Amino acid sequence: MIHRHRRLCAHAVDPLEIAAGLEAHGVTDRTAARFRHRDVFSLAEELYARVPRARAAAAPPREPVRRGAAVRAVLQLLPGALCAATLAALTAVHPGHPLARPATAAVGTVLVLLALRLCLRAGPLHLRRAGRPSATAVLAVAWAVGHALLGDAPLTALLSGGPDLPLSWPHPDPATALALTCAVAPAAALARWFARRARRGLAVSRGLGELASRVRPLLLGATLLYAAAQLALLLGARPLTGGPADPPAALVATTALGTLLFLARLLAVHGFPAAAVAGPAAAAALEAVALALVLIARLPGAGALARPVDALTAAAGPAAVPAVACATAALVLLGHALRTPT
C-alpha cells in the first residue's frame with residue numbers, strides 16, 4: 001500500500017488529503033479492514049505518519065498583501081466599469097453616424113471580454129490546472145449569456161410566426177449586460193470567502209464526514225449570497241439604463257443564469273471541470289430545444305410539440321423558458337456540489 005501510493009502520501013499536507021486520494025483510487029473501508037484499520041481515514045493516518053514528507057520547492061517572494069488585494073479588487077471591478085463606459089458611449093453617439101454605434105459596441109464588447117479573461121486568470125476564480133477551455137463550455141456559456149442579453153426577442157419572434165425578413169439588428173438588454181459584468185466582483189469575493197472557510201474546516205476536521213458537514217453550509221451560503229447580489233445588481237441596473245421594469249420571470253432568468261455560472265466556476269476551481277461544463281451545457285440545450293420545438297411545430301401534424309412552450313409562455317411570458325432552463329440547471333449543479341463537497 002505504501003509503495004503504490006508513496007507519491008500521494010509524500011506530497012499530502014494532511015491525512016485527509018491521503019484519504020480522499022485513496023477513495024479516488026477505489027480504496028474502501030473493506031479494503032482498509034484487510035490492513036487492520038477500521039476505515040479509510042485510519043489507514044490514511046498511518047500512511048501519513050510512516051511516509052516522509054517530500055521537500056517543497058522554495059516559494060517565490062510574495063508581494064505585499066495590501067497591494068495584491070488592491071490590484072485584484074480593481075481587476076474584478078474592471079468588467080463592470082468597462083460595460084458601464086460602453087453603455088454611456090453608446091448613449092452619447094450621434095445618431096447621424098450609422099456605423100458609430102456598431103463600432104462602439106464592438107470595441108466595448110472586446111474590452112469587456114478581455115477584462116473578464118484577466119479576472120479568470122488571477123485571483124480566486126483562477127483554475128489551478130489551467131488549460132484551454134473545451135468547445136462545449138465556450139459554446140454553452142456563449143449561448144446562455146447571448147440568450148439572456150437578447151431577452152424575449154428570439155422566442156417572441158418565433159411564436160409570432162417570424163423571423164421576418166430582412167432581419168433587424170439585435171439590441172442586447174443593457175441592464176442584463178451591466179448586472180452580469182458587475183457580478184464578477186461579488187463572485188470573486190464569495191469564492192475567496194468560501195475557500196478560506198473551507199481551509200479552516202479542513203484544518204480542524206478529523207474525518208471526511210466532518211469536513212463535508214462543515215463545507216456544505218459554506219457552499220450553500222455562498223450560493224445564496226451570490227444569488228442575492230446578482231438580483232440586487234439587476235434591480236439597480238434597470239433604473240440606470242432606463243426601460244420598463246423586468247417581469248418576475250426575467251428577474252429569475254438572469255439571477256439563475258448568474259448563479260449557474262458562479263457555481264460552474266466554483267466547481268471548476270475546486271477540481272470538478274466535467275460538472276462545471278455540464279451545468280451551462282444543460283441550460284443552453286434546454287433553451288435551444290424550446291426554440292427548436294416552436295420551429296418544428298410548424299410542420300404538418302407536429303403542432304403538439306410546441307404545447308409545453310406555449311403553456312409556459314402563456315403562464316409567465318417568454319422569459320419563463322430561460323428561467324426554467326437556468327434555474328433547473330443551477331439547482332441540479334448545486335445538488336451535485338452538495339453531494340461531493342470534499
# chains A, B, ... in the order shown; residues from 1 in each chain; ligands from 1
call {"tool": "residues_around", "arguments": {"residues": "A:Pro248", "least_positions_apart": "4", "cutoff": "10 Å", "atoms": "only C-alpha atoms", "output": "ChimeraX atom specification"}}
result
/A:252-253,316-317,319-320,323
call {"tool": "write_last_selection", "arguments": {"atoms": "C-alpha atoms", "output": "mmCIF file, in the first residue's frame"}}
result
data_model
loop_
_atom_site.group_PDB
_atom_site.id
_atom_site.type_symbol
_atom_site.label_atom_id
_atom_site.label_comp_id
_atom_site.auth_asym_id
_atom_site.auth_seq_id
_atom_site.Cartn_x
_atom_site.Cartn_y
_atom_site.Cartn_z
ATOM 1 C CA VAL A 252 -35.484 34.837 -12.168
ATOM 2 C CA ALA A 253 -33.878 34.017 -15.521
ATOM 3 C CA ALA A 316 -45.350 33.607 -17.265
ATOM 4 C CA GLY A 317 -44.221 35.132 -20.571
ATOM 5 C CA ALA A 319 -38.785 34.829 -20.161
ATOM 6 C CA ALA A 320 -40.127 31.760 -18.356
ATOM 7 C CA ALA A 323 -35.840 30.999 -16.220
#
call {"tool": "residues_around", "arguments": {"residues": "stretch 330-333 of chain A", "least_positions_apart": "5", "cutoff": "12 Å", "atoms": "only C-alpha atoms", "output": "JSON, numbers by chain"}}
result
{"A": [219, 220, 223, 224, 227, 252, 253, 254, 255, 256, 257, 258, 259, 260, 261, 262, 263, 264, 265, 266, 267, 268, 272, 273, 274, 275, 276, 277, 278, 279, 280, 281, 282, 283, 284, 322, 323, 324, 325, 338, 339, 340]}
call {"tool": "closest_residue", "arguments": {"among": "A:Ala44, A:Val321, A:Leu334, A:Leu114", "to": "A:Gly151", "atoms": "only C-alpha atoms"}}
result
A:Val321
call {"tool": "closest_residue", "arguments": {"among": "A:Pro247, A:Gly209, A:Gly335, A:Pro133", "to": "A:Leu16", "atoms": "only C-alpha atoms"}}
result
A:Gly209
call {"tool": "closest_residue", "arguments": {"among": "A:Ser134, A:Thr104, A:Ser42, A:Thr328", "to": "A:Ala88", "atoms": "only C-alpha atoms"}}
result
A:Thr104
call {"tool": "atom_distance", "arguments": {"atom1": "atom CA of A:Ala24", "atom2": "atom CA of A:His5"}}
result
11.8 Å
call {"tool": "residues_around", "arguments": {"residues": "A:Thr181", "least_positions_apart": "4", "cutoff": "9 Å", "atoms": "only C-alpha atoms", "output": "PyMOL selection string"}}
result
chain A and resi 77-83+112+116+176-177+185
